[in-house]
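Notes follow once the structure below has been shown.
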Amino acid sequence: MSLVELGLYFALLSLVSVGGLPSVMPEMQRFVVDVKGWLTPADFIQAFAVGQAAPGPNVLIASLIGWKVAGLPGAFVALGSICFPAAVIAWWVAELWDRFKDSPWRKAIQRAIAPIVVGMILSGGVVLATPGAPDWRLWLIAGLAAAGMLATKLNPLWFLGAGGVLGALLL
Amino acid sequence: MGFFWIGARSFGGVMPWAYRTMVEERRWLSHADFTETIGLCQFLPGPNIGNASIVLGKRWFGLSGSIVAFLGLMALPFIWVLGLFIVYSDLSSNAALKAVVTGVGAAGAGLFIGTAVKLGRALVKKPAALALIAACFALVAVARVSLLMVVPIGLGIAVFAARRGWL
């Protein structure tokens with residue numbers, strides 16, 4: 001039963017996940033931890049950390065939560081249901097988007113979106129670096145990684161590795 | 001498909017990797033194209049890079065392109081993340097490992113911030129854009145207002161500003 005509930009709820013979240021997964025993380029936590037009690041808060045934070053540390057889209061955090069709730073089928077159901085409704089919308093909108101290529105409204109919307117996106121990505125980074133109470137050590141690591149990425153052309157994996165080392169030393 | 005490669009090596013968030021692979025290395029897209037596509041995908045619901053794989057896959061190869069790009073993006077990371085989680089669950093009582101994982105997460109968050117700055121550089125000469133970025137940040141990151149409120153209102157204001165030629 002929890003598998004069906006998980007699938008339906010994540011499909012619903014998919015439709016409201018404007019701005020990507022980070023924006024629905026608090027609602028996801030409220031549902032699986034507070035409402036359903038499928039995971040403990042510690043479980044949830046662990047899944048989030050591993051999802052962040054592992055390669056891939058951070059939407060895969062949903063599959064870790066599904067795994068915790070209902071094993072391997074849970075992982076597939078959670079990931080599929082959080083992705084599919086949004087994927088269908090993206091598919092249809094892409095077509096409309098191309099059809100209105102020369103419309104002044106489309107140009108206005110395109111120019112309008114850019115600053116909103118920058119604001120959201122920036123917020124995502126800061127929110128992710130502040131999982132609980134503000135911690136200067138996490139902000140230091142995040143700040144160094146951001147500065148390193150902007151100042152050099154190094155492979156981002158170096159900054160993640162350095163973050164791990166700093167984490168071991170500082171935390 | 002390049003999306004498989006993006007997914008395979010995208011530690012700590014896909015966005016910086018997607019930019020690097022598609023814009024800087026393979027030159028499939030220009031900087032402006034990338035910003036706009038991600039912008040579209042950001043305001044659509046769903047995982048942004050997943051949407052980007054659908055939109056770009058469709059643009060280049062139709063339905064099969066979308067499916068291949070999306071599955072390519074997800075396949076390896078899905079196996080990776082579950083495997084890592086199994087290993088981590090076994091070892092999670094180890095405090096040192098926990099510290100390392102948290103440090104990696106913070107660095108991944110930093111790469112998000114770096115990506116935002118990179119994309120934002122193109123907007124630096126437009127005061128209205130900077131004001132919008134600041135307002136979004138204050139509402140989302142500081143006041144923690146729901147995106148369901150911020151995005152529609154912010155976009156409405158931004159479209160108005162764009163129609164007036166401010167953006």
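Residue numbering restarts at 1 in every chain; chains get A, B, ... in the order shown in the structure tokens, and ligands count up from 1 in that same order.
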
Practice problem: Find the spatial neighbours of segment 5-14 of chain A, counting only C-alpha atoms, within a cut-off of 7 Å - ignore same-chain residues fewer than 6 positions away - and output them as an MDAnalysis selection string. | Solution: (chainID A and resid 24 77:78 81:83 85:86) or (chainID B and resid 45:46)

With C-alpha atoms retained, export the selected residues as a PDB file, in the first residue's frame.
ATOM      1  CA  VAL A  24      10.028  20.187  -3.032  1.00  0.00           C
ATOM      2  CA  VAL A  77       8.324   3.906  -8.464  1.00  0.00           C
ATOM      3  CA  ALA A  78       9.571   7.005  -6.631  1.00  0.00           C
ATOM      4  CA  SER A  81       6.525   9.096 -10.586  1.00  0.00           C
ATOM      5  CA  ILE A  82       8.508  12.231  -9.719  1.00  0.00           C
ATOM      6  CA  CYS A  83       9.819  12.451 -13.304  1.00  0.00           C
ATOM      7  CA  PRO A  85       4.312  14.006 -15.234  1.00  0.00           C
ATOM      8  CA  ALA A  86       6.925  16.749 -15.499  1.00  0.00           C
TER       9      ALA A  86
ATOM     10  CA  PRO B  45       8.002  21.625 -13.047  1.00  0.00           C
ATOM     11  CA  GLY B  46      10.333  18.669 -12.644  1.00  0.00           C
TER      12      GLY B  46
END

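Near Trp105 of chain A, within 10 Å and counting only C-alpha atoms, sit Arg111 of chain A; Val159, Ala162 and Arg163 of chain B; same-chain residues fewer than 6 positions away were not included.
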
Can you write just those residues out, N, CA and C atoms, as a tab-separated table (two decimals), in the first residue's frame?
chain	number	residue	atom	x	y	z
A	111	ARG	N	13.83	36.46	-21.96
A	111	ARG	CA	14.68	37.42	-21.24
A	111	ARG	C	14.29	37.49	-19.78
B	159	VAL	N	8.51	39.50	-16.87
B	159	VAL	CA	7.98	39.63	-18.24
B	159	VAL	C	7.59	41.08	-18.49
B	162	ALA	N	10.67	42.94	-19.07
B	162	ALA	CA	11.25	42.62	-20.38
B	162	ALA	C	10.48	43.33	-21.50
B	163	ARG	N	9.15	43.41	-21.36
B	163	ARG	CA	8.34	44.08	-22.38
B	163	ARG	C	8.66	45.58	-22.41

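Remark: for chain A, the closest of the candidate residues B:Met22, B:Gly72, B:Lys98, B:Ala106 is B:Ala106 (distances computed over only C-alpha atoms).
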
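Among the candidate residues B:Val142, B:Gly120, B:Thr115, B:Ala69, the one lying nearest to Thr130 of chain A is B:Val142, with distances computed using only C-alpha atoms.
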
Quiz item: With only C-alpha atoms as the basis for distance, which of A:Pro104, A:Gly148, A:Gly125, A:Gly37 is at the shortest distance from chain B?
Solution: A:Gly125

DSSP on the backbone: which residues in chain A end up as alpha helix (DSSP H)? Give the answer as a CSV table (one decimal) with N, CA and C atoms, in the first residue's frame.
chain,number,residue,atom,x,y,z
A,2,SER,N,1.9,1.2,0.8
A,2,SER,CA,2.8,2.4,0.8
A,2,SER,C,3.4,2.7,-0.5
A,3,LEU,N,3.6,1.7,-1.3
A,3,LEU,CA,4.2,1.8,-2.7
A,3,LEU,C,3.2,2.7,-3.6
A,4,VAL,N,1.9,2.4,-3.5
A,4,VAL,CA,0.9,3.1,-4.3
A,4,VAL,C,0.9,4.6,-3.8
A,5,GLU,N,0.8,4.7,-2.5
A,5,GLU,CA,0.7,6.1,-1.9
A,5,GLU,C,2.0,6.9,-2.3
A,6,LEU,N,3.1,6.3,-2.2
A,6,LEU,CA,4.4,6.9,-2.5
A,6,LEU,C,4.4,7.4,-4.0
A,7,GLY,N,3.9,6.5,-4.9
A,7,GLY,CA,3.9,6.8,-6.3
A,7,GLY,C,2.9,8.0,-6.6
A,8,LEU,N,1.7,7.9,-6.0
A,8,LEU,CA,0.8,9.0,-6.2
A,8,LEU,C,1.2,10.3,-5.7
A,9,TYR,N,1.8,10.3,-4.5
A,9,TYR,CA,2.2,11.5,-3.9
A,9,TYR,C,3.4,12.2,-4.6
A,10,PHE,N,4.3,11.3,-5.0
A,10,PHE,CA,5.5,11.9,-5.8
A,10,PHE,C,5.1,12.4,-7.1
A,11,ALA,N,4.1,11.7,-7.8
A,11,ALA,CA,3.5,12.2,-9.0
A,11,ALA,C,2.9,13.6,-8.9
A,12,LEU,N,2.3,13.8,-7.7
A,12,LEU,CA,1.7,15.1,-7.4
A,12,LEU,C,2.8,16.1,-7.2
A,13,LEU,N,3.8,15.7,-6.5
A,13,LEU,CA,5.0,16.6,-6.2
A,13,LEU,C,5.6,17.0,-7.6
A,14,SER,N,5.7,16.1,-8.5
A,14,SER,CA,6.3,16.3,-9.8
A,14,SER,C,5.6,17.5,-10.5
A,15,LEU,N,4.3,17.6,-10.3
A,15,LEU,CA,3.6,18.7,-11.0
A,15,LEU,C,3.8,20.1,-10.3
A,16,VAL,N,4.2,20.1,-9.1
A,16,VAL,CA,4.4,21.4,-8.4
A,16,VAL,C,5.9,21.7,-8.2
A,21,LEU,N,14.0,19.8,-8.0
A,21,LEU,CA,13.8,19.1,-6.8
A,21,LEU,C,14.1,19.8,-5.4
A,22,PRO,N,15.1,20.7,-5.4
A,22,PRO,CA,15.3,21.4,-4.1
A,22,PRO,C,14.1,22.0,-3.5
A,23,SER,N,13.2,22.6,-4.4
A,23,SER,CA,12.1,23.3,-3.9
A,23,SER,C,11.0,22.4,-3.3
A,24,VAL,N,11.0,21.1,-3.7
A,24,VAL,CA,10.0,20.2,-3.0
A,24,VAL,C,10.6,19.4,-1.9
A,25,MET,N,11.9,19.5,-1.6
A,25,MET,CA,12.5,18.7,-0.5
A,25,MET,C,11.8,18.9,0.8
A,26,PRO,N,11.5,20.2,1.2
A,26,PRO,CA,10.8,20.3,2.5
A,26,PRO,C,9.5,19.6,2.5
A,27,GLU,N,8.7,19.6,1.4
A,27,GLU,CA,7.4,19.0,1.4
A,27,GLU,C,7.6,17.4,1.4
A,28,MET,N,8.6,17.0,0.7
A,28,MET,CA,8.9,15.5,0.7
A,28,MET,C,9.2,15.1,2.1
A,29,GLN,N,10.0,15.8,2.8
A,29,GLN,CA,10.4,15.4,4.1
A,29,GLN,C,9.2,15.4,5.1
A,41,PRO,N,14.0,11.2,10.8
A,41,PRO,CA,14.7,12.4,10.3
A,41,PRO,C,16.1,12.1,9.9
A,42,ALA,N,16.8,11.3,10.7
A,42,ALA,CA,18.2,10.9,10.4
A,42,ALA,C,18.3,10.2,9.1
A,43,ASP,N,17.4,9.2,8.9
A,43,ASP,CA,17.3,8.5,7.6
A,43,ASP,C,17.3,9.5,6.4
A,44,PHE,N,16.4,10.5,6.6
A,44,PHE,CA,16.1,11.4,5.5
A,44,PHE,C,17.3,12.2,5.2
A,45,ILE,N,18.0,12.7,6.3
A,45,ILE,CA,19.2,13.6,6.1
A,45,ILE,C,20.3,12.8,5.4
A,46,GLN,N,20.4,11.5,5.8
A,46,GLN,CA,21.4,10.6,5.2
A,46,GLN,C,21.2,10.4,3.7
A,47,ALA,N,19.9,10.1,3.4
A,47,ALA,CA,19.6,9.9,2.0
A,47,ALA,C,19.9,11.2,1.2
A,48,PHE,N,19.6,12.3,1.8
A,48,PHE,CA,19.8,13.6,1.1
A,48,PHE,C,21.3,13.8,0.9
A,49,ALA,N,22.1,13.5,1.9
A,49,ALA,CA,23.6,13.7,1.8
A,49,ALA,C,24.2,12.8,0.7
A,50,VAL,N,23.7,11.5,0.7
A,50,VAL,CA,24.3,10.6,-0.3
A,50,VAL,C,23.8,11.0,-1.7
A,51,GLY,N,22.6,11.4,-1.8
A,51,GLY,CA,22.1,11.9,-3.1
A,51,GLY,C,22.9,13.1,-3.6
A,52,GLN,N,23.3,14.0,-2.7
A,52,GLN,CA,24.1,15.1,-3.1
A,52,GLN,C,25.5,14.7,-3.5
A,53,ALA,N,26.0,13.7,-2.8
A,53,ALA,CA,27.4,13.3,-3.0
A,53,ALA,C,27.6,12.5,-4.2
A,61,ILE,N,17.6,11.6,-5.3
A,61,ILE,CA,17.3,11.5,-3.9
A,61,ILE,C,15.9,10.9,-3.7
A,62,ALA,N,15.0,11.2,-4.6
A,62,ALA,CA,13.7,10.5,-4.6
A,62,ALA,C,13.7,9.0,-4.6
A,63,SER,N,14.7,8.5,-5.4
A,63,SER,CA,14.8,7.0,-5.5
A,63,SER,C,15.4,6.5,-4.2
A,64,LEU,N,16.2,7.2,-3.5
A,64,LEU,CA,16.7,6.7,-2.2
A,64,LEU,C,15.6,6.7,-1.2
A,65,ILE,N,14.8,7.7,-1.2
A,65,ILE,CA,13.6,7.7,-0.3
A,65,ILE,C,12.7,6.5,-0.6
A,66,GLY,N,12.5,6.3,-1.9
A,66,GLY,CA,11.6,5.2,-2.3
A,66,GLY,C,12.3,3.8,-1.8
A,67,TRP,N,13.5,3.7,-2.0
A,67,TRP,CA,14.3,2.5,-1.5
A,67,TRP,C,14.1,2.3,0.0
A,68,LYS,N,14.2,3.4,0.8
A,68,LYS,CA,14.0,3.3,2.2
A,68,LYS,C,12.6,2.8,2.6
A,69,VAL,N,11.6,3.3,1.7
A,69,VAL,CA,10.2,3.0,2.0
A,69,VAL,C,9.9,1.6,1.6
A,70,ALA,N,10.3,1.2,0.4
A,70,ALA,CA,9.7,-0.1,-0.2
A,70,ALA,C,10.8,-0.9,-1.0
A,71,GLY,N,12.1,-0.7,-0.7
A,71,GLY,CA,13.1,-1.5,-1.4
A,71,GLY,C,13.2,-1.1,-2.8
A,72,LEU,N,13.7,-2.0,-3.6
A,72,LEU,CA,14.0,-1.7,-5.0
A,72,LEU,C,12.8,-1.2,-5.8
A,73,PRO,N,11.6,-1.9,-5.7
A,73,PRO,CA,10.4,-1.4,-6.4
A,73,PRO,C,10.1,0.0,-6.0
A,74,GLY,N,10.3,0.3,-4.7
A,74,GLY,CA,10.1,1.7,-4.2
A,74,GLY,C,11.0,2.7,-4.9
A,75,ALA,N,12.3,2.3,-5.1
A,75,ALA,CA,13.2,3.2,-5.8
A,75,ALA,C,12.7,3.5,-7.2
A,76,PHE,N,12.3,2.5,-8.0
A,76,PHE,CA,11.8,2.7,-9.3
A,76,PHE,C,10.6,3.5,-9.4
A,77,VAL,N,9.6,3.2,-8.5
A,77,VAL,CA,8.3,3.9,-8.5
A,77,VAL,C,8.5,5.4,-8.1
A,78,ALA,N,9.4,5.6,-7.1
A,78,ALA,CA,9.6,7.0,-6.6
A,78,ALA,C,10.2,7.8,-7.7
A,79,LEU,N,11.2,7.3,-8.4
A,79,LEU,CA,11.9,8.1,-9.4
A,79,LEU,C,11.0,8.3,-10.6
A,80,GLY,N,10.3,7.2,-11.0
A,80,GLY,CA,9.4,7.3,-12.2
A,80,GLY,C,8.3,8.3,-12.0
A,81,SER,N,7.7,8.2,-10.8
A,81,SER,CA,6.5,9.1,-10.6
A,81,SER,C,6.9,10.6,-10.4
A,82,ILE,N,8.1,10.8,-9.9
A,82,ILE,CA,8.5,12.2,-9.7
A,82,ILE,C,8.9,12.8,-11.1
A,83,CYS,N,9.3,12.0,-12.0
A,83,CYS,CA,9.8,12.5,-13.3
A,83,CYS,C,8.7,12.5,-14.4
A,84,PHE,N,7.9,11.5,-14.4
A,84,PHE,CA,7.0,11.3,-15.6
A,84,PHE,C,6.1,12.5,-15.9
A,85,PRO,N,5.2,12.9,-14.9
A,85,PRO,CA,4.3,14.0,-15.2
A,85,PRO,C,5.0,15.2,-15.7
A,86,ALA,N,6.2,15.6,-15.1
A,86,ALA,CA,6.9,16.7,-15.5
A,86,ALA,C,7.5,16.6,-16.9
A,87,ALA,N,7.9,15.3,-17.2
A,87,ALA,CA,8.5,15.1,-18.5
A,87,ALA,C,7.5,15.2,-19.6
A,88,VAL,N,6.2,14.8,-19.3
A,88,VAL,CA,5.2,15.0,-20.3
A,88,VAL,C,4.9,16.5,-20.6
A,89,ILE,N,4.9,17.3,-19.5
A,89,ILE,CA,4.7,18.7,-19.7
A,89,ILE,C,5.8,19.3,-20.5
A,90,ALA,N,7.1,18.9,-20.1
A,90,ALA,CA,8.2,19.5,-20.9
A,90,ALA,C,8.1,19.1,-22.3
A,91,TRP,N,7.7,17.9,-22.6
A,91,TRP,CA,7.6,17.5,-24.0
A,91,TRP,C,6.6,18.4,-24.8
A,92,TRP,N,5.4,18.7,-24.2
A,92,TRP,CA,4.4,19.5,-24.9
A,92,TRP,C,4.9,21.0,-25.0
A,93,VAL,N,5.4,21.5,-23.9
A,93,VAL,CA,5.8,22.9,-23.9
A,93,VAL,C,6.9,23.2,-24.9
A,94,ALA,N,7.8,22.2,-25.0
A,94,ALA,CA,8.9,22.4,-26.0
A,94,ALA,C,8.4,22.7,-27.4
A,95,GLU,N,7.3,22.0,-27.8
A,95,GLU,CA,6.7,22.2,-29.1
A,95,GLU,C,6.2,23.6,-29.2
A,96,LEU,N,5.4,24.0,-28.2
A,96,LEU,CA,4.8,25.3,-28.2
A,96,LEU,C,5.9,26.4,-28.3
A,97,TRP,N,6.9,26.1,-27.5
A,97,TRP,CA,8.1,27.0,-27.4
A,97,TRP,C,8.7,27.3,-28.8
A,98,ASP,N,8.8,26.2,-29.6
A,98,ASP,CA,9.4,26.3,-30.9
A,98,ASP,C,8.5,27.0,-31.9
A,99,ARG,N,7.2,26.8,-31.7
A,99,ARG,CA,6.2,27.3,-32.6
A,99,ARG,C,6.1,28.8,-32.5
A,104,PRO,N,7.0,38.2,-30.0
A,104,PRO,CA,7.7,39.1,-29.0
A,104,PRO,C,7.4,38.6,-27.6
A,105,TRP,N,6.3,37.9,-27.4
A,105,TRP,CA,6.0,37.4,-26.0
A,105,TRP,C,7.0,36.4,-25.6
A,106,ARG,N,7.4,35.5,-26.6
A,106,ARG,CA,8.3,34.5,-26.2
A,106,ARG,C,9.7,35.1,-25.9
A,107,LYS,N,10.1,36.1,-26.7
A,107,LYS,CA,11.3,36.8,-26.5
A,107,LYS,C,11.3,37.4,-25.1
A,108,ALA,N,10.2,38.1,-24.7
A,108,ALA,CA,10.1,38.7,-23.4
A,108,ALA,C,10.2,37.7,-22.3
A,109,ILE,N,9.5,36.5,-22.5
A,109,ILE,CA,9.6,35.5,-21.5
A,109,ILE,C,11.0,35.0,-21.3
A,110,GLN,N,11.6,34.8,-22.5
A,110,GLN,CA,13.0,34.2,-22.4
A,110,GLN,C,13.9,35.2,-21.6
A,111,ARG,N,13.8,36.5,-22.0
A,111,ARG,CA,14.7,37.4,-21.2
A,111,ARG,C,14.3,37.5,-19.8
A,112,ALA,N,13.0,37.3,-19.5
A,112,ALA,CA,12.5,37.4,-18.1
A,112,ALA,C,13.0,36.3,-17.3
A,113,ILE,N,13.1,35.1,-17.9
A,113,ILE,CA,13.4,33.9,-17.1
A,113,ILE,C,14.8,33.9,-16.6
A,114,ALA,N,15.8,34.4,-17.4
A,114,ALA,CA,17.2,34.3,-17.0
A,114,ALA,C,17.5,34.8,-15.6
A,115,PRO,N,17.0,36.1,-15.2
A,115,PRO,CA,17.4,36.5,-13.8
A,115,PRO,C,16.7,35.6,-12.8
A,116,ILE,N,15.5,35.2,-13.0
A,116,ILE,CA,14.8,34.3,-12.1
A,116,ILE,C,15.6,33.0,-11.8
A,117,VAL,N,16.1,32.5,-13.0
A,117,VAL,CA,16.9,31.2,-12.9
A,117,VAL,C,18.1,31.4,-12.0
A,118,VAL,N,18.8,32.5,-12.3
A,118,VAL,CA,20.0,32.8,-11.5
A,118,VAL,C,19.7,32.9,-10.1
A,119,GLY,N,18.6,33.7,-9.8
A,119,GLY,CA,18.2,33.8,-8.4
A,119,GLY,C,17.9,32.4,-7.7
A,120,MET,N,17.3,31.5,-8.5
A,120,MET,CA,16.9,30.2,-7.9
A,120,MET,C,18.1,29.3,-7.7
A,121,ILE,N,19.0,29.3,-8.7
A,121,ILE,CA,20.2,28.4,-8.6
A,121,ILE,C,21.0,28.9,-7.4
A,122,LEU,N,21.2,30.3,-7.3
A,122,LEU,CA,21.9,30.8,-6.2
A,122,LEU,C,21.3,30.5,-4.8
A,123,SER,N,20.0,30.6,-4.8
A,123,SER,CA,19.3,30.2,-3.5
A,123,SER,C,19.5,28.7,-3.2
A,124,GLY,N,19.4,27.9,-4.3
A,124,GLY,CA,19.6,26.5,-4.1
A,124,GLY,C,20.9,26.2,-3.4
A,125,GLY,N,22.0,26.8,-4.0
A,125,GLY,CA,23.3,26.6,-3.4
A,125,GLY,C,23.4,27.0,-2.0
A,126,VAL,N,22.9,28.1,-1.7
A,126,VAL,CA,23.0,28.6,-0.3
A,126,VAL,C,22.1,27.8,0.7
A,127,VAL,N,20.9,27.4,0.2
A,127,VAL,CA,20.1,26.6,1.1
A,127,VAL,C,20.7,25.2,1.3
A,128,LEU,N,21.3,24.6,0.2
A,128,LEU,CA,21.9,23.3,0.4
A,128,LEU,C,23.1,23.4,1.3
A,136,TRP,N,29.5,28.0,9.7
A,136,TRP,CA,30.6,28.7,8.9
A,136,TRP,C,31.5,27.7,8.2
A,137,ARG,N,31.6,26.5,8.7
A,137,ARG,CA,32.5,25.5,8.1
A,137,ARG,C,31.9,25.1,6.7
A,138,LEU,N,30.6,24.8,6.7
A,138,LEU,CA,30.0,24.4,5.4
A,138,LEU,C,30.0,25.6,4.4
A,139,TRP,N,29.8,26.8,5.0
A,139,TRP,CA,29.8,28.0,4.1
A,139,TRP,C,31.2,28.2,3.5
A,140,LEU,N,32.2,28.0,4.3
A,140,LEU,CA,33.6,28.1,3.9
A,140,LEU,C,33.9,27.2,2.7
A,141,ILE,N,33.5,25.9,2.9
A,141,ILE,CA,33.7,24.9,1.9
A,141,ILE,C,33.0,25.3,0.6
A,142,ALA,N,31.7,25.7,0.8
A,142,ALA,CA,30.9,26.0,-0.4
A,142,ALA,C,31.5,27.2,-1.1
A,143,GLY,N,31.9,28.2,-0.3
A,143,GLY,CA,32.5,29.5,-0.9
A,143,GLY,C,33.8,29.1,-1.6
A,144,LEU,N,34.6,28.3,-1.1
A,144,LEU,CA,35.9,27.9,-1.7
A,144,LEU,C,35.6,27.2,-3.0
A,145,ALA,N,34.6,26.3,-3.0
A,145,ALA,CA,34.3,25.5,-4.2
A,145,ALA,C,33.8,26.5,-5.3
A,146,ALA,N,32.9,27.4,-4.9
A,146,ALA,CA,32.4,28.4,-5.9
A,146,ALA,C,33.5,29.2,-6.5
A,147,ALA,N,34.4,29.7,-5.6
A,147,ALA,CA,35.5,30.6,-6.0
A,147,ALA,C,36.4,29.8,-7.0
A,148,GLY,N,36.7,28.5,-6.6
A,148,GLY,CA,37.6,27.7,-7.3
A,148,GLY,C,37.0,27.4,-8.7
A,149,MET,N,35.7,27.2,-8.8
A,149,MET,CA,35.1,26.9,-10.1
A,149,MET,C,35.2,28.1,-11.0
A,150,LEU,N,35.0,29.3,-10.4
A,150,LEU,CA,35.0,30.5,-11.2
A,150,LEU,C,36.4,30.9,-11.6
A,151,ALA,N,37.4,30.6,-10.8
A,151,ALA,CA,38.7,31.1,-11.0
A,151,ALA,C,39.5,30.2,-11.9
A,156,PRO,N,35.4,19.9,-11.9
A,156,PRO,CA,34.7,20.1,-10.7
A,156,PRO,C,34.9,19.0,-9.6
A,157,LEU,N,35.3,17.8,-10.1
A,157,LEU,CA,35.5,16.7,-9.1
A,157,LEU,C,36.6,17.1,-8.2
A,158,TRP,N,37.6,17.9,-8.6
A,158,TRP,CA,38.6,18.3,-7.7
A,158,TRP,C,38.1,19.1,-6.5
A,159,PHE,N,37.1,19.9,-6.8
A,159,PHE,CA,36.5,20.8,-5.7
A,159,PHE,C,35.7,19.9,-4.8
A,160,LEU,N,35.0,18.9,-5.3
A,160,LEU,CA,34.2,18.0,-4.5
A,160,LEU,C,35.1,17.2,-3.6
A,161,GLY,N,36.2,16.7,-4.2
A,161,GLY,CA,37.2,15.9,-3.4
A,161,GLY,C,37.8,16.8,-2.3
A,162,ALA,N,38.2,18.0,-2.6
A,162,ALA,CA,38.7,19.0,-1.6
A,162,ALA,C,37.7,19.2,-0.5
A,163,GLY,N,36.4,19.3,-0.9
A,163,GLY,CA,35.3,19.5,0.0
A,163,GLY,C,35.3,18.3,1.0
A,164,GLY,N,35.4,17.1,0.5
A,164,GLY,CA,35.4,15.9,1.4
A,164,GLY,C,36.6,16.0,2.3
A,165,VAL,N,37.8,16.4,1.9
A,165,VAL,CA,39.0,16.5,2.7
A,165,VAL,C,38.7,17.5,3.8
A,166,LEU,N,38.2,18.7,3.4
A,166,LEU,CA,38.0,19.8,4.4
A,166,LEU,C,36.9,19.3,5.4
A,167,GLY,N,35.9,18.6,4.9
A,167,GLY,CA,34.9,18.1,5.8
A,167,GLY,C,35.5,17.2,6.8
A,168,ALA,N,36.4,16.3,6.4
A,168,ALA,CA,37.0,15.4,7.4
A,168,ALA,C,37.9,16.2,8.4
A,169,LEU,N,38.5,17.3,7.9
A,169,LEU,CA,39.4,18.0,8.8
A,169,LEU,C,38.6,18.9,9.8
A,170,LEU,N,37.5,19.5,9.3
A,170,LEU,CA,36.8,20.6,10.0
A,170,LEU,C,35.6,20.1,10.8

Quiz item: Smallest atom-to-atom distance to chain B: which of A:Pro57, A:Pro134, A:Ser103, A:Asn155, using only C-alpha atoms?
Solution: A:Pro57
